[in-house]
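First the structure, in the form of structure tokens, and then the observations on it.
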Amino acid sequence: MNHLTDTIIAPATPQGQSAIAVIRLSGSQAIDITDKIFKGKNLLDAKSHTIHYGWIVDGEKEIDEVMVSVFRAPKTFTTEDSTEISCHGSPQLVQAIISLAIKHGAKSAFPGEFTLRAFLNGRLDLSQAEAVADLIHASSTKSSEIALNQLKGHFSSMLKDLRQELIDFAALIELELDFSEEDVEFAHRGRLKDLIHKIIKVINPLLDSFHWGNSIKEGIPVAIIGAPNAGKSTLLNTILNEEKALVSDIAGTTRDFIEDTLVIDGVMFRFIDTAGIRETSDILEGLGIERSKQKLREAEIVLFISDIHKSVEETIAEFNDLQLTKDQTGVILLNKADTISAAQAEPKTQSIADKSGVKTLLITAKYKETLQPLLSYFSEYIQHHNQAEGTIISNTRHYEALENTKLCLQKVIAGLDSGLSSDFVAMDIREALFHLGSITGEVSTDDLLESIFSKFCIGK
């Protein structure tokens, strides 16, 4: 934490050659250090939120032609004086400018240190700081929306209001402990129970939203499952519109899973082509089949591919053998529809759907135009889950904190119902307040902060 008094510097753009790169400084000496290596306007006199043209110089030697932005405290990301140097995107130039600034007193920033300072200086709370990282790493429009909503602070504000109401009641119960011999009651138990039920009512939809929120953040896993030569790799290649997986008439060609992503209606799906499931004496193929079964268990959507020529009963039996859980969604795809007449295919498709109770689609895996019903299904899947209104959480730490808060509040209710003494009720309320406060950082430890911010990129 002593490092937080230093003026820090780091590239704010990715490494590698580019047209321009941005170097960020923050700290009490940020403007002074930048001015010492800048030839152009006197930055010490520059107004906040202004941009200035000039050169980065080392003595009389010109290093690069740049633009420098000046931001004065407290209206900056970190609430400290800050500058940003926009230079040409040569990695050599970027490093030369950083080294020059370090020679004049700057220190290299740790991963996430700019955002850590924003949190410690009250610019962001902890959940908003985590939203910054989520926004940077967002892989789809929907995951960006979730991170942006969290960054705006609605989630934090809602939790802080509830926590403050609970703190007010906790203070009254703590006051009762000071007058334990007087047998007085400052905190009305009925109103306390009403408040706890109100908080749980807010927490429950947040907990329910996590599965969908985390799926959006990480990408919805879709396992492509079926017997060897069912057309799994062909389907993956056609969906992605590239030759991602090796296709062969030889059974057992795919010996390990192959994964790639596709964004549909703003949501990322992770398609996983797996080894064909069958009995085999081949050790490598057997390992691939075990991995296929593991990916099957991890999938949210399972696409089961079966040959259209198989009987209705055989297809349903093979699908049932997958033993999907209640949290998984299965779709049966009857492949090679081009090898059978529509008069034969459509009744069989409907029969399998009716008898299995599972969405069943007719496809020819090698022809993209036949996959439109499948792509429409993914759109419908998104729309169905997007119907839930309100805040969506996608952070595992937030989910666990809310779950622990709920458990503590349920203990408070149970204690009140059983006539538990005020000191034990107060203990459960304090624990609930701890977990609720840990989300926004009102309660935090150095270990927690290090764990969170070490996952940030340098320069943010």
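Just remember, in the structure tokens the first chain shown is A, the second B, etc., residues are 1-based per chain, and ligands are 1-based in the order shown.
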
| said: Just want the 12 Å neighbourhood of A:Lys103, counted on only C-alpha atoms, with same-chain residues fewer than 6 positions away dropped. Output as a PyMOL selection string. | reply: chain A and resi 9+33-34+36-37+58+96-97

Writing out the chosen residues with C-alpha atoms as a PDB file, in the first residue's frame:
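What ended up in part_0.pdb:
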```
ATOM      1  CA  ILE A   9       3.090   5.061 -15.140  1.00  0.00           C
ATOM      2  CA  ILE A  33       7.100  14.658 -14.404  1.00  0.00           C
ATOM      3  CA  THR A  34       5.367  14.862 -17.785  1.00  0.00           C
ATOM      4  CA  LYS A  36       9.976  17.700 -17.523  1.00  0.00           C
ATOM      5  CA  ILE A  37      10.061  15.421 -20.565  1.00  0.00           C
ATOM      6  CA  ASP A  58      15.494  13.663 -23.269  1.00  0.00           C
ATOM      7  CA  ALA A  96      11.710   4.712 -24.187  1.00  0.00           C
ATOM      8  CA  ILE A  97       9.096   7.245 -22.972  1.00  0.00           C
TER       9      ILE A  97
END
```

| request: With a distance cut-off of 12 Å and only C-alpha atoms, select the neighbouring residues of stretch 40-53 of chain A, excluding the residue or stretch itself and same-chain residues fewer than 5 positions from it, and output the selection as a ChimeraX atom specification. | output: /A:29-35,62,64-77,80-87

Please write the residues from the selection above to a file, keeping C-alpha atoms, as a short mmCIF file (atom, residue, chain, number, x, y, z; two decimals), in the first residue's frame.
```cif
data_model
loop_
_atom_site.label_atom_id
_atom_site.label_comp_id
_atom_site.auth_asym_id
_atom_site.auth_seq_id
_atom_site.Cartn_x
_atom_site.Cartn_y
_atom_site.Cartn_z
CA GLN A 29 3.78 14.46 -9.54
CA ALA A 30 2.14 13.27 -12.78
CA ILE A 31 1.91 16.71 -14.41
CA ASP A 32 5.34 17.80 -13.14
CA ILE A 33 7.10 14.66 -14.40
CA THR A 34 5.37 14.86 -17.78
CA ASP A 35 6.29 18.54 -18.09
CA GLU A 62 13.75 14.54 -29.45
CA ASP A 64 8.72 11.35 -30.40
CA GLU A 65 6.04 13.75 -31.59
CA VAL A 66 3.09 13.46 -29.19
CA MET A 67 -0.15 14.83 -27.83
CA VAL A 68 -0.43 15.17 -24.03
CA SER A 69 -3.75 15.29 -22.16
CA VAL A 70 -3.80 16.94 -18.74
CA PHE A 71 -6.34 16.01 -16.04
CA ARG A 72 -6.27 17.74 -12.66
CA ALA A 73 -7.54 16.29 -9.38
CA PRO A 74 -10.16 15.52 -8.28
CA LYS A 75 -12.07 15.17 -11.56
CA THR A 76 -10.03 12.26 -12.88
CA PHE A 77 -10.41 8.48 -12.95
CA GLU A 80 -5.36 12.28 -8.63
CA ASP A 81 -3.51 14.52 -11.09
CA SER A 82 -3.11 12.51 -14.30
CA THR A 83 -1.66 12.80 -17.77
CA GLU A 84 -1.96 10.69 -20.90
CA ILE A 85 0.73 10.74 -23.59
CA SER A 86 -0.46 9.75 -27.07
CA CYS A 87 2.62 8.71 -29.05
#
```

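Taking atom CA of A:Leu361 as the reference point, atom CA of A:Thr349 is found at 6.8 Å.
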
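Ranking A:Leu172, A:Glu113, A:Ile20, A:His435 by their shortest atom-to-atom distance to A:Ser422, with only C-alpha atoms included, puts A:Leu172 first.
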
| request: Between A:Lys460, A:His154, A:Lys142, A:His385, single out the one closest to A:Ile8, counting only C-alpha atoms. | output: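 Closest candidate: A:Lys460.
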
| task | Taking the DSSP assignment computed from this structure's backbone, write out as a VMD selection string all residues of stretch 32-70 of chain A that belong to strand (DSSP E or B). | result | chain A and resid 38 to 40 50 to 58 61 to 70

| message | Set the distance at 9 Å and use only C-alpha atoms: which residues neighbour A:Leu409 once local chain neighbours fewer than 3 positions away are removed? I'd like the list as a list in words. | response | Ile196, His197, Ile199, Ile200, Asn404, Thr405, Lys406, Val412, Ile413, Ala414, Asp428, Ile429, Glu431 and Ala432 of chain A

Preceding selection exported with C-alpha atoms as a CSV table (one decimal), in the first residue's frame:
```
chain,number,residue,atom,x,y,z
A,196,ILE,CA,-35.2,-8.9,6.5
A,197,HIS,CA,-38.0,-10.3,4.3
A,199,ILE,CA,-33.9,-7.7,1.8
A,200,ILE,CA,-34.3,-11.4,1.0
A,404,ASN,CA,-24.0,-15.9,2.6
A,405,THR,CA,-26.0,-12.7,3.4
A,406,LYS,CA,-29.3,-14.6,2.7
A,412,VAL,CA,-31.9,-14.0,12.2
A,413,ILE,CA,-35.5,-14.8,11.3
A,414,ALA,CA,-35.2,-18.3,12.9
A,428,ASP,CA,-26.1,-12.9,12.9
A,429,ILE,CA,-27.0,-9.4,11.7
A,431,GLU,CA,-22.3,-11.3,9.8
A,432,ALA,CA,-25.0,-10.4,7.2
```

| task | Do a neighbour search on stretch 123-139 of chain A at 10 Å with only C-alpha atoms, toss out local chain neighbours closer than 5 positions, and write the hits as a ChimeraX atom specification. | result | /A:74-79,112,115-118,144-157,216-219,261,263,266-268,394-395,397-398,437-444,449,452-453,455-457,460

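With only C-alpha atoms as the basis for measurement, A:Cys408 is the residue among A:Cys408, A:Ala317, A:Leu4, A:Ala337 that approaches A:Phe434 most closely.
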
| message | Nearest residue to A:Asp265 out of A:Glu380, A:Glu298, A:Met158, A:Lys198, using only C-alpha atoms? | response |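 Of the candidates, the smallest distance to A:Asp265 is held by A:Glu380.
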
| request: Quick one: everything within 8 Å of stretch 319-328 of chain A, counting only C-alpha atoms, minus sequence neighbours fewer than 2 positions away in the same chain. Send it as a ChimeraX atom specification. | output: /A:297,299-302,304,315-317,330,332

Write out, as a compact mmCIF listing (two decimals), in the first residue's frame, the residues just selected, with C-alpha atoms.
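What landed in part_11.txt:
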```
# COMPACT_ATOMS: atom_id res chain seq x y z
CA ARG A 297 -21.76 -32.48 -18.11
CA ALA A 299 -22.71 -27.82 -21.20
CA GLU A 300 -25.76 -25.61 -20.81
CA ILE A 301 -27.14 -26.63 -24.22
CA VAL A 302 -26.57 -30.10 -25.67
CA PHE A 304 -27.48 -34.36 -29.94
CA THR A 315 -32.76 -42.04 -31.48
CA ILE A 316 -34.78 -41.40 -28.31
CA ALA A 317 -32.96 -44.15 -26.42
CA GLY A 330 -31.25 -30.70 -25.05
CA ILE A 332 -32.15 -33.41 -31.08
```

| message | Considering only C-alpha atoms, can you say which of A:Leu93, A:Leu333, A:Ala353, A:Ile225 comes closest to A:Thr370? | response |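 Checking each of A:Leu93, A:Leu333, A:Ala353, A:Ile225 against A:Thr370, counting only C-alpha atoms, the winner is A:Leu333.
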
| Atom-to-atom span, atom CA of A:Val331 and atom CA of A:Ile258, Å |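 Rounded to one decimal, the two atoms are 19.6 Å apart.
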